[in-house]
>>> print(open('start-v8.cif').read())   # mmCIF, N, CA and C atoms
data_my_file
#
loop_
_atom_site.label_atom_id
_atom_site.label_comp_id
_atom_site.auth_asym_id
_atom_site.auth_seq_id
_atom_site.Cartn_x
_atom_site.Cartn_y
_atom_site.Cartn_z
N MET A 21 6.92 -20.62 -19.45
CA MET A 21 6.75 -19.20 -19.63
C MET A 21 7.71 -18.74 -20.75
N THR A 22 7.20 -17.93 -21.61
CA THR A 22 8.00 -17.48 -22.76
C THR A 22 8.97 -16.38 -22.34
N PRO A 23 10.00 -16.16 -23.12
CA PRO A 23 10.93 -15.07 -22.81
C PRO A 23 10.24 -13.70 -22.76
N GLN A 24 9.24 -13.50 -23.61
CA GLN A 24 8.50 -12.22 -23.59
C GLN A 24 7.72 -12.05 -22.29
N GLU A 25 7.09 -13.14 -21.81
CA GLU A 25 6.35 -13.07 -20.55
C GLU A 25 7.29 -12.78 -19.38
N LEU A 26 8.46 -13.39 -19.41
CA LEU A 26 9.45 -13.12 -18.36
C LEU A 26 9.91 -11.66 -18.40
N ALA A 27 10.11 -11.15 -19.59
CA ALA A 27 10.50 -9.74 -19.74
C ALA A 27 9.40 -8.82 -19.22
N ASN A 28 8.15 -9.15 -19.53
CA ASN A 28 7.03 -8.33 -19.04
C ASN A 28 6.98 -8.34 -17.52
N LEU A 29 7.20 -9.50 -16.90
CA LEU A 29 7.20 -9.58 -15.44
C LEU A 29 8.32 -8.74 -14.85
N ALA A 30 9.47 -8.74 -15.50
CA ALA A 30 10.59 -7.92 -15.02
C ALA A 30 10.23 -6.44 -15.10
N HIS A 31 9.56 -6.04 -16.17
CA HIS A 31 9.14 -4.64 -16.31
C HIS A 31 8.09 -4.28 -15.27
N LEU A 32 7.17 -5.20 -15.00
CA LEU A 32 6.15 -4.96 -13.98
C LEU A 32 6.79 -4.84 -12.61
N ARG A 33 7.78 -5.67 -12.34
CA ARG A 33 8.46 -5.59 -11.05
C ARG A 33 9.19 -4.26 -10.91
N ARG A 34 9.78 -3.77 -11.98
CA ARG A 34 10.45 -2.47 -11.96
C ARG A 34 9.45 -1.38 -11.59
N ALA A 35 8.26 -1.45 -12.18
CA ALA A 35 7.23 -0.46 -11.88
C ALA A 35 6.74 -0.59 -10.43
N ARG A 36 6.57 -1.82 -9.97
CA ARG A 36 6.14 -2.03 -8.58
C ARG A 36 7.20 -1.52 -7.62
N ASP A 37 8.46 -1.74 -7.94
CA ASP A 37 9.55 -1.23 -7.11
C ASP A 37 9.55 0.29 -7.07
N LEU A 38 9.22 0.91 -8.20
CA LEU A 38 9.10 2.37 -8.23
C LEU A 38 8.03 2.83 -7.26
N ILE A 39 6.89 2.16 -7.27
CA ILE A 39 5.80 2.52 -6.35
C ILE A 39 6.27 2.35 -4.91
N ASP A 40 6.91 1.23 -4.60
CA ASP A 40 7.38 0.99 -3.24
C ASP A 40 8.39 2.04 -2.79
N ARG A 41 9.25 2.46 -3.69
CA ARG A 41 10.33 3.39 -3.36
C ARG A 41 9.85 4.84 -3.34
N GLU A 42 8.97 5.21 -4.25
CA GLU A 42 8.57 6.61 -4.43
C GLU A 42 7.10 6.86 -4.08
N PHE A 43 6.57 6.10 -3.14
CA PHE A 43 5.14 6.19 -2.80
C PHE A 43 4.71 7.59 -2.39
N ALA A 44 5.60 8.38 -1.82
CA ALA A 44 5.23 9.71 -1.34
C ALA A 44 5.23 10.76 -2.45
N ARG A 45 5.80 10.43 -3.60
CA ARG A 45 5.80 11.33 -4.75
C ARG A 45 4.44 11.29 -5.44
N PRO A 46 4.08 12.35 -6.13
CA PRO A 46 2.86 12.27 -6.95
C PRO A 46 3.11 11.30 -8.11
N LEU A 47 2.44 10.16 -8.08
CA LEU A 47 2.59 9.16 -9.14
C LEU A 47 1.24 8.94 -9.80
N ASP A 48 1.26 8.80 -11.12
CA ASP A 48 0.05 8.44 -11.85
C ASP A 48 0.37 7.24 -12.74
N VAL A 49 -0.66 6.62 -13.25
CA VAL A 49 -0.48 5.40 -14.04
C VAL A 49 0.41 5.64 -15.27
N PRO A 50 0.24 6.73 -16.02
CA PRO A 50 1.14 6.92 -17.17
C PRO A 50 2.62 7.00 -16.77
N THR A 51 2.91 7.65 -15.67
CA THR A 51 4.30 7.74 -15.20
C THR A 51 4.83 6.37 -14.82
N ILE A 52 4.05 5.62 -14.08
CA ILE A 52 4.48 4.29 -13.65
C ILE A 52 4.61 3.37 -14.87
N ALA A 53 3.64 3.46 -15.80
CA ALA A 53 3.67 2.62 -16.99
C ALA A 53 4.91 2.88 -17.83
N SER A 54 5.37 4.12 -17.85
CA SER A 54 6.57 4.43 -18.63
C SER A 54 7.79 3.71 -18.08
N HIS A 55 7.82 3.45 -16.77
CA HIS A 55 8.93 2.70 -16.18
C HIS A 55 8.86 1.22 -16.53
N ALA A 56 7.68 0.77 -16.92
CA ALA A 56 7.51 -0.62 -17.34
C ALA A 56 7.57 -0.76 -18.86
N PHE A 57 7.81 0.35 -19.55
CA PHE A 57 7.88 0.36 -21.02
C PHE A 57 6.59 -0.17 -21.65
N MET A 58 5.44 0.26 -21.09
CA MET A 58 4.13 -0.18 -21.60
C MET A 58 3.21 1.03 -21.69
N SER A 59 2.17 0.89 -22.51
CA SER A 59 1.14 1.92 -22.53
C SER A 59 0.37 1.85 -21.21
N PRO A 60 -0.24 2.95 -20.77
CA PRO A 60 -0.96 2.93 -19.50
C PRO A 60 -2.05 1.85 -19.42
N ALA A 61 -2.85 1.69 -20.46
CA ALA A 61 -3.94 0.70 -20.43
C ALA A 61 -3.38 -0.72 -20.36
N HIS A 62 -2.39 -1.00 -21.20
CA HIS A 62 -1.80 -2.34 -21.19
C HIS A 62 -1.12 -2.61 -19.85
N PHE A 63 -0.41 -1.61 -19.34
CA PHE A 63 0.26 -1.75 -18.05
C PHE A 63 -0.75 -2.06 -16.94
N SER A 64 -1.84 -1.32 -16.90
CA SER A 64 -2.86 -1.55 -15.86
C SER A 64 -3.40 -2.97 -15.92
N ARG A 65 -3.69 -3.46 -17.13
CA ARG A 65 -4.20 -4.83 -17.26
C ARG A 65 -3.15 -5.85 -16.82
N GLN A 66 -1.92 -5.66 -17.26
CA GLN A 66 -0.85 -6.60 -16.90
C GLN A 66 -0.54 -6.57 -15.41
N PHE A 67 -0.53 -5.38 -14.82
CA PHE A 67 -0.26 -5.24 -13.39
C PHE A 67 -1.33 -5.95 -12.57
N ARG A 68 -2.57 -5.73 -12.96
CA ARG A 68 -3.67 -6.38 -12.23
C ARG A 68 -3.61 -7.90 -12.36
N ALA A 69 -3.28 -8.37 -13.54
CA ALA A 69 -3.17 -9.82 -13.74
C ALA A 69 -2.03 -10.40 -12.91
N ALA A 70 -0.92 -9.67 -12.80
CA ALA A 70 0.24 -10.17 -12.07
C ALA A 70 0.09 -10.04 -10.55
N TYR A 71 -0.48 -8.94 -10.08
CA TYR A 71 -0.48 -8.65 -8.64
C TYR A 71 -1.86 -8.63 -8.00
N GLY A 72 -2.91 -8.79 -8.78
CA GLY A 72 -4.25 -8.91 -8.21
C GLY A 72 -4.93 -7.60 -7.86
N GLU A 73 -4.30 -6.48 -8.15
CA GLU A 73 -4.93 -5.19 -7.92
C GLU A 73 -4.37 -4.17 -8.90
N THR A 74 -5.08 -3.09 -9.07
CA THR A 74 -4.64 -2.07 -10.01
C THR A 74 -3.41 -1.34 -9.47
N PRO A 75 -2.65 -0.69 -10.34
CA PRO A 75 -1.48 0.06 -9.86
C PRO A 75 -1.85 1.13 -8.83
N TYR A 76 -2.94 1.85 -9.06
CA TYR A 76 -3.35 2.88 -8.11
C TYR A 76 -3.73 2.28 -6.77
N SER A 77 -4.43 1.17 -6.80
CA SER A 77 -4.81 0.49 -5.58
C SER A 77 -3.58 0.03 -4.81
N TYR A 78 -2.60 -0.50 -5.52
CA TYR A 78 -1.34 -0.93 -4.89
C TYR A 78 -0.63 0.27 -4.27
N LEU A 79 -0.59 1.39 -4.98
CA LEU A 79 0.04 2.60 -4.46
C LEU A 79 -0.64 3.06 -3.18
N MET A 80 -1.95 3.10 -3.18
CA MET A 80 -2.68 3.56 -1.99
C MET A 80 -2.50 2.59 -0.83
N THR A 81 -2.44 1.31 -1.10
CA THR A 81 -2.21 0.33 -0.03
C THR A 81 -0.83 0.56 0.59
N ARG A 82 0.17 0.82 -0.23
CA ARG A 82 1.51 1.10 0.30
C ARG A 82 1.51 2.38 1.12
N ARG A 83 0.79 3.39 0.65
CA ARG A 83 0.72 4.65 1.41
C ARG A 83 0.05 4.45 2.76
N ILE A 84 -1.02 3.69 2.78
CA ILE A 84 -1.72 3.43 4.04
C ILE A 84 -0.82 2.63 4.97
N GLU A 85 -0.11 1.68 4.43
CA GLU A 85 0.83 0.88 5.22
C GLU A 85 1.86 1.78 5.91
N ARG A 86 2.43 2.71 5.17
CA ARG A 86 3.42 3.62 5.75
C ARG A 86 2.76 4.57 6.75
N ALA A 87 1.55 5.00 6.47
CA ALA A 87 0.83 5.88 7.38
C ALA A 87 0.54 5.17 8.71
N MET A 88 0.25 3.89 8.66
CA MET A 88 0.00 3.14 9.89
C MET A 88 1.22 3.20 10.81
N ALA A 89 2.40 3.04 10.26
CA ALA A 89 3.62 3.11 11.07
C ALA A 89 3.80 4.50 11.66
N LEU A 90 3.53 5.54 10.87
CA LEU A 90 3.65 6.90 11.39
C LEU A 90 2.64 7.16 12.50
N LEU A 91 1.41 6.69 12.32
CA LEU A 91 0.38 6.90 13.33
C LEU A 91 0.71 6.16 14.63
N ARG A 92 1.28 4.96 14.51
CA ARG A 92 1.70 4.24 15.72
C ARG A 92 2.78 5.00 16.47
N ALA A 93 3.57 5.78 15.75
CA ALA A 93 4.64 6.58 16.36
C ALA A 93 4.11 7.89 16.94
N GLY A 94 2.82 8.15 16.77
CA GLY A 94 2.21 9.33 17.37
C GLY A 94 2.13 10.55 16.47
N VAL A 95 2.45 10.41 15.19
CA VAL A 95 2.35 11.52 14.24
C VAL A 95 0.88 11.87 14.05
N SER A 96 0.59 13.14 13.84
CA SER A 96 -0.80 13.54 13.64
C SER A 96 -1.32 12.95 12.33
N VAL A 97 -2.64 12.83 12.24
CA VAL A 97 -3.26 12.26 11.05
C VAL A 97 -2.95 13.12 9.82
N THR A 98 -3.03 14.43 9.96
CA THR A 98 -2.74 15.32 8.84
C THR A 98 -1.30 15.18 8.38
N ASP A 99 -0.37 15.15 9.33
CA ASP A 99 1.04 15.00 8.96
C ASP A 99 1.31 13.65 8.30
N ALA A 100 0.69 12.59 8.81
CA ALA A 100 0.86 11.27 8.21
C ALA A 100 0.31 11.27 6.78
N CYS A 101 -0.84 11.88 6.60
CA CYS A 101 -1.47 11.97 5.28
C CYS A 101 -0.54 12.65 4.28
N MET A 102 -0.01 13.78 4.65
CA MET A 102 0.85 14.55 3.75
C MET A 102 2.21 13.87 3.54
N THR A 103 2.75 13.25 4.58
CA THR A 103 4.04 12.59 4.49
C THR A 103 4.03 11.43 3.50
N VAL A 104 2.91 10.69 3.45
CA VAL A 104 2.85 9.54 2.55
C VAL A 104 2.40 9.90 1.14
N GLY A 105 2.18 11.19 0.88
CA GLY A 105 1.89 11.61 -0.48
C GLY A 105 0.43 11.82 -0.82
N CYS A 106 -0.44 11.73 0.15
CA CYS A 106 -1.85 12.00 -0.11
C CYS A 106 -2.09 13.50 0.01
N THR A 107 -2.93 14.04 -0.83
CA THR A 107 -3.18 15.48 -0.80
C THR A 107 -4.56 15.82 -0.23
N SER A 108 -5.42 14.83 -0.10
CA SER A 108 -6.76 15.05 0.44
C SER A 108 -6.92 14.26 1.73
N LEU A 109 -7.11 14.96 2.83
CA LEU A 109 -7.28 14.30 4.12
C LEU A 109 -8.54 13.45 4.13
N GLY A 110 -9.59 13.91 3.47
CA GLY A 110 -10.84 13.15 3.42
C GLY A 110 -10.68 11.83 2.66
N SER A 111 -10.03 11.88 1.50
CA SER A 111 -9.81 10.66 0.73
C SER A 111 -8.88 9.71 1.48
N PHE A 112 -7.85 10.27 2.11
CA PHE A 112 -6.93 9.45 2.90
C PHE A 112 -7.67 8.74 4.02
N SER A 113 -8.49 9.48 4.76
CA SER A 113 -9.23 8.89 5.88
C SER A 113 -10.20 7.82 5.41
N SER A 114 -10.87 8.07 4.30
CA SER A 114 -11.80 7.08 3.76
C SER A 114 -11.07 5.81 3.36
N ARG A 115 -9.97 5.94 2.64
CA ARG A 115 -9.21 4.77 2.20
C ARG A 115 -8.59 4.04 3.39
N PHE A 116 -8.11 4.79 4.38
CA PHE A 116 -7.53 4.19 5.58
C PHE A 116 -8.60 3.35 6.30
N THR A 117 -9.76 3.94 6.48
CA THR A 117 -10.85 3.23 7.16
C THR A 117 -11.27 2.00 6.38
N GLU A 118 -11.31 2.10 5.06
CA GLU A 118 -11.68 0.96 4.21
C GLU A 118 -10.69 -0.20 4.39
N LEU A 119 -9.40 0.11 4.43
CA LEU A 119 -8.38 -0.94 4.50
C LEU A 119 -8.12 -1.45 5.91
N VAL A 120 -8.14 -0.56 6.88
CA VAL A 120 -7.75 -0.93 8.24
C VAL A 120 -8.95 -1.29 9.10
N GLY A 121 -10.09 -0.72 8.81
CA GLY A 121 -11.29 -1.05 9.58
C GLY A 121 -11.57 -0.08 10.70
N GLU A 122 -10.77 0.97 10.83
CA GLU A 122 -11.02 2.02 11.81
C GLU A 122 -10.42 3.31 11.29
N THR A 123 -10.86 4.42 11.83
CA THR A 123 -10.38 5.71 11.36
C THR A 123 -8.90 5.89 11.73
N PRO A 124 -8.21 6.76 11.02
CA PRO A 124 -6.81 7.01 11.38
C PRO A 124 -6.65 7.52 12.81
N THR A 125 -7.56 8.37 13.26
CA THR A 125 -7.48 8.89 14.63
C THR A 125 -7.65 7.78 15.64
N ALA A 126 -8.63 6.91 15.43
CA ALA A 126 -8.84 5.78 16.35
C ALA A 126 -7.63 4.86 16.34
N TYR A 127 -7.05 4.63 15.18
CA TYR A 127 -5.87 3.78 15.08
C TYR A 127 -4.69 4.40 15.84
N ARG A 128 -4.49 5.69 15.66
CA ARG A 128 -3.38 6.37 16.35
C ARG A 128 -3.57 6.37 17.86
N ASN A 129 -4.80 6.56 18.33
CA ASN A 129 -5.06 6.66 19.76
C ASN A 129 -5.06 5.32 20.48
N ARG A 130 -5.22 4.23 19.74
CA ARG A 130 -5.27 2.90 20.34
C ARG A 130 -3.87 2.43 20.71
N GLU A 131 -3.78 1.66 21.75
CA GLU A 131 -2.50 1.05 22.15
C GLU A 131 -2.13 -0.04 21.14
N HIS A 132 -0.85 -0.21 20.91
CA HIS A 132 -0.34 -1.23 20.00
C HIS A 132 0.72 -2.06 20.73
N PRO A 133 0.33 -2.71 21.85
CA PRO A 133 1.32 -3.42 22.66
C PRO A 133 1.97 -4.61 21.95
N ALA A 134 1.23 -5.29 21.10
CA ALA A 134 1.79 -6.45 20.41
C ALA A 134 2.92 -6.03 19.48
N LEU A 135 2.80 -4.86 18.89
CA LEU A 135 3.82 -4.39 17.96
C LEU A 135 5.09 -3.94 18.68
N ALA A 136 4.95 -3.48 19.91
CA ALA A 136 6.13 -3.04 20.66
C ALA A 136 7.06 -4.20 20.95
N ALA A 137 6.51 -5.40 21.03
CA ALA A 137 7.31 -6.57 21.39
C ALA A 137 7.92 -7.28 20.18
N MET A 138 7.59 -6.85 18.97
CA MET A 138 8.13 -7.55 17.80
C MET A 138 9.02 -6.63 16.98
N PRO A 139 9.98 -7.21 16.28
CA PRO A 139 10.85 -6.39 15.42
C PRO A 139 10.03 -5.68 14.34
N ALA A 140 10.54 -4.53 13.91
CA ALA A 140 9.82 -3.71 12.93
C ALA A 140 9.53 -4.47 11.65
N CYS A 141 10.45 -5.35 11.23
CA CYS A 141 10.22 -6.09 9.98
C CYS A 141 9.02 -7.04 10.12
N LEU A 142 8.84 -7.64 11.28
CA LEU A 142 7.68 -8.50 11.50
C LEU A 142 6.40 -7.69 11.65
N ALA A 143 6.51 -6.55 12.35
CA ALA A 143 5.34 -5.69 12.52
C ALA A 143 4.83 -5.23 11.16
N LYS A 144 5.74 -4.92 10.25
CA LYS A 144 5.35 -4.47 8.92
C LYS A 144 4.57 -5.56 8.19
N VAL A 145 5.03 -6.79 8.29
CA VAL A 145 4.35 -7.91 7.62
C VAL A 145 3.01 -8.19 8.27
N ARG A 146 2.97 -8.19 9.60
CA ARG A 146 1.74 -8.54 10.31
C ARG A 146 0.65 -7.48 10.17
N THR A 147 1.03 -6.23 9.96
CA THR A 147 0.03 -5.16 9.87
C THR A 147 -0.23 -4.69 8.45
N ARG A 148 0.38 -5.34 7.46
CA ARG A 148 0.20 -4.92 6.07
C ARG A 148 -1.28 -4.95 5.70
N PRO A 149 -1.82 -3.83 5.22
CA PRO A 149 -3.22 -3.80 4.82
C PRO A 149 -3.47 -4.73 3.62
N MET A 150 -4.57 -5.44 3.66
CA MET A 150 -4.94 -6.34 2.58
C MET A 150 -6.24 -5.84 1.97
N ARG A 151 -6.33 -5.86 0.67
CA ARG A 151 -7.50 -5.35 -0.02
C ARG A 151 -8.62 -6.38 -0.13
N THR A 152 -8.44 -7.57 0.34
CA THR A 152 -9.47 -8.60 0.26
C THR A 152 -10.68 -8.16 1.07
N ALA A 153 -11.85 -8.20 0.45
CA ALA A 153 -13.07 -7.71 1.09
C ALA A 153 -13.32 -8.44 2.40
N GLY A 154 -13.44 -7.65 3.48
CA GLY A 154 -13.81 -8.20 4.77
C GLY A 154 -12.66 -8.78 5.59
N SER A 155 -11.54 -9.11 5.01
CA SER A 155 -10.51 -9.78 5.79
C SER A 155 -9.52 -8.83 6.43
N ALA A 156 -9.28 -7.66 5.86
CA ALA A 156 -8.23 -6.78 6.36
C ALA A 156 -8.49 -6.30 7.79
N PRO A 157 -9.66 -5.74 8.08
CA PRO A 157 -9.85 -5.22 9.43
C PRO A 157 -9.69 -6.29 10.50
N SER A 158 -10.27 -7.46 10.31
CA SER A 158 -10.18 -8.49 11.34
C SER A 158 -8.77 -9.05 11.43
N ARG A 159 -8.08 -9.21 10.30
CA ARG A 159 -6.73 -9.74 10.32
C ARG A 159 -5.78 -8.79 11.04
N ILE A 160 -5.94 -7.50 10.79
CA ILE A 160 -5.06 -6.52 11.44
C ILE A 160 -5.37 -6.45 12.93
N ARG A 161 -6.64 -6.43 13.30
CA ARG A 161 -6.97 -6.37 14.73
C ARG A 161 -6.45 -7.61 15.46
N GLU A 162 -6.57 -8.77 14.86
CA GLU A 162 -6.07 -9.99 15.49
C GLU A 162 -4.56 -9.93 15.65
N ALA A 163 -3.86 -9.42 14.66
CA ALA A 163 -2.39 -9.32 14.72
C ALA A 163 -1.96 -8.37 15.83
N LEU A 164 -2.79 -7.39 16.11
CA LEU A 164 -2.44 -6.40 17.13
C LEU A 164 -2.95 -6.81 18.51
N GLY A 165 -3.56 -7.98 18.61
CA GLY A 165 -4.02 -8.46 19.90
C GLY A 165 -5.40 -8.00 20.27
N GLY A 166 -6.11 -7.40 19.33
CA GLY A 166 -7.47 -6.92 19.60
C GLY A 166 -8.52 -7.93 19.22
N SER A 167 -9.75 -7.57 19.43
CA SER A 167 -10.88 -8.42 19.07
C SER A 167 -11.09 -8.40 17.57
N ALA A 168 -11.51 -9.52 17.01
CA ALA A 168 -11.75 -9.62 15.57
C ALA A 168 -13.17 -9.22 15.23
N ALA A 169 -13.99 -8.89 16.19
CA ALA A 169 -15.38 -8.56 15.92
C ALA A 169 -15.58 -7.12 15.58
#
>>> encode(input="start-v8.cif", output="structure tokens")
Amino acid sequence: MTPQELANLAHLRRARDLIDREFARPLDVPTIASHAFMSPAHFSRQFRAAYGETPYSYLMTRRIERAMALLRAGVSVTDACMTVGCTSLGSFSSRFTELVGETPTAYRNREHPALAAMPACLAKVRTRPMRTAGSAPSRIREALGGSAA
């Protein structure tokens, strides 16, 4: 790997860390790209090549991940939506359902006994939403002790 490629990866990691840290803030690709010292188009291509998804997709996955923890704690769907930085309840619910495989309300109302028995750091890893087509809902349900069907 060339020194320039290593530098680009460091810049991409800085931008990814920004998303992880500031997920609840209004973030757009130009803002994130500026933290990576790249143009928005170049940044989007490089981010996707490095991490397998677009910056916006990564941001929304992180938001849904945080919303899942809030919903397990009994926070209302609207409050979880607003807390993680989403401004549209409809878009939030659609994206949540796409990634998790059930609506936010159904997820909040369901028991999560498997998660109560594991440390929060493990629960976070086991319930992390995955964007791979078809695998996220079944993987999450299996991790939570539910049926994969």
>>> resolve_selection(input="start-v8.cif", expression="the PyMOL selection byres (((chain A and resi 116 and name CA) around 10) and name CA)", output="PyMOL selection string")
chain A and resi 80-81+83-85+87-88+101+110-115+117-124+127+149
>>> select_by_dssp(input="start-v8.cif", residues="segment 26-168 of chain A", states="helix (DSSP H, G or I)", output="PyMOL selection string")
chain A and resi 26-41+49-55+60-71+75-92+97-103+109-120+124-129+133-136+140-146+155-163
>>> residues_around(input="start-v8.cif", residues="Phe57 of chain A", least_positions_apart="3", cutoff="8 Å", atoms="only C-alpha atoms", output="JSON, numbers by chain")
{"A": [31, 53, 54]}
>>> resolve_selection(input="start-v8.cif", expression="the PyMOL selection byres ((chain A and resi 44) around 5)", output="list in words")
Glu42, Phe43, Arg45, Pro46, Val104 and Gly105 of chain A
>>> write_last_selection(input="start-v8.cif", atoms="N, CA and C atoms", output="short mmCIF file (atom, residue, chain, number, x, y, z; two decimals), in the frame of the given file")
data_model
loop_
_atom_site.label_atom_id
_atom_site.label_comp_id
_atom_site.auth_asym_id
_atom_site.auth_seq_id
_atom_site.Cartn_x
_atom_site.Cartn_y
_atom_site.Cartn_z
N GLU A 42 8.97 5.21 -4.25
CA GLU A 42 8.57 6.61 -4.43
C GLU A 42 7.10 6.86 -4.08
N PHE A 43 6.57 6.10 -3.14
CA PHE A 43 5.14 6.19 -2.80
C PHE A 43 4.71 7.59 -2.39
N ARG A 45 5.80 10.43 -3.60
CA ARG A 45 5.80 11.33 -4.75
C ARG A 45 4.44 11.29 -5.44
N PRO A 46 4.08 12.35 -6.13
CA PRO A 46 2.86 12.27 -6.95
C PRO A 46 3.11 11.30 -8.11
N VAL A 104 2.91 10.69 3.45
CA VAL A 104 2.85 9.54 2.55
C VAL A 104 2.40 9.90 1.14
N GLY A 105 2.18 11.19 0.88
CA GLY A 105 1.89 11.61 -0.48
C GLY A 105 0.43 11.82 -0.82
#
>>> atom_distance(input="start-v8.cif", atom1="atom CA of Phe67 of chain A", atom2="atom C of Arg148 of chain A")
19.1 Å
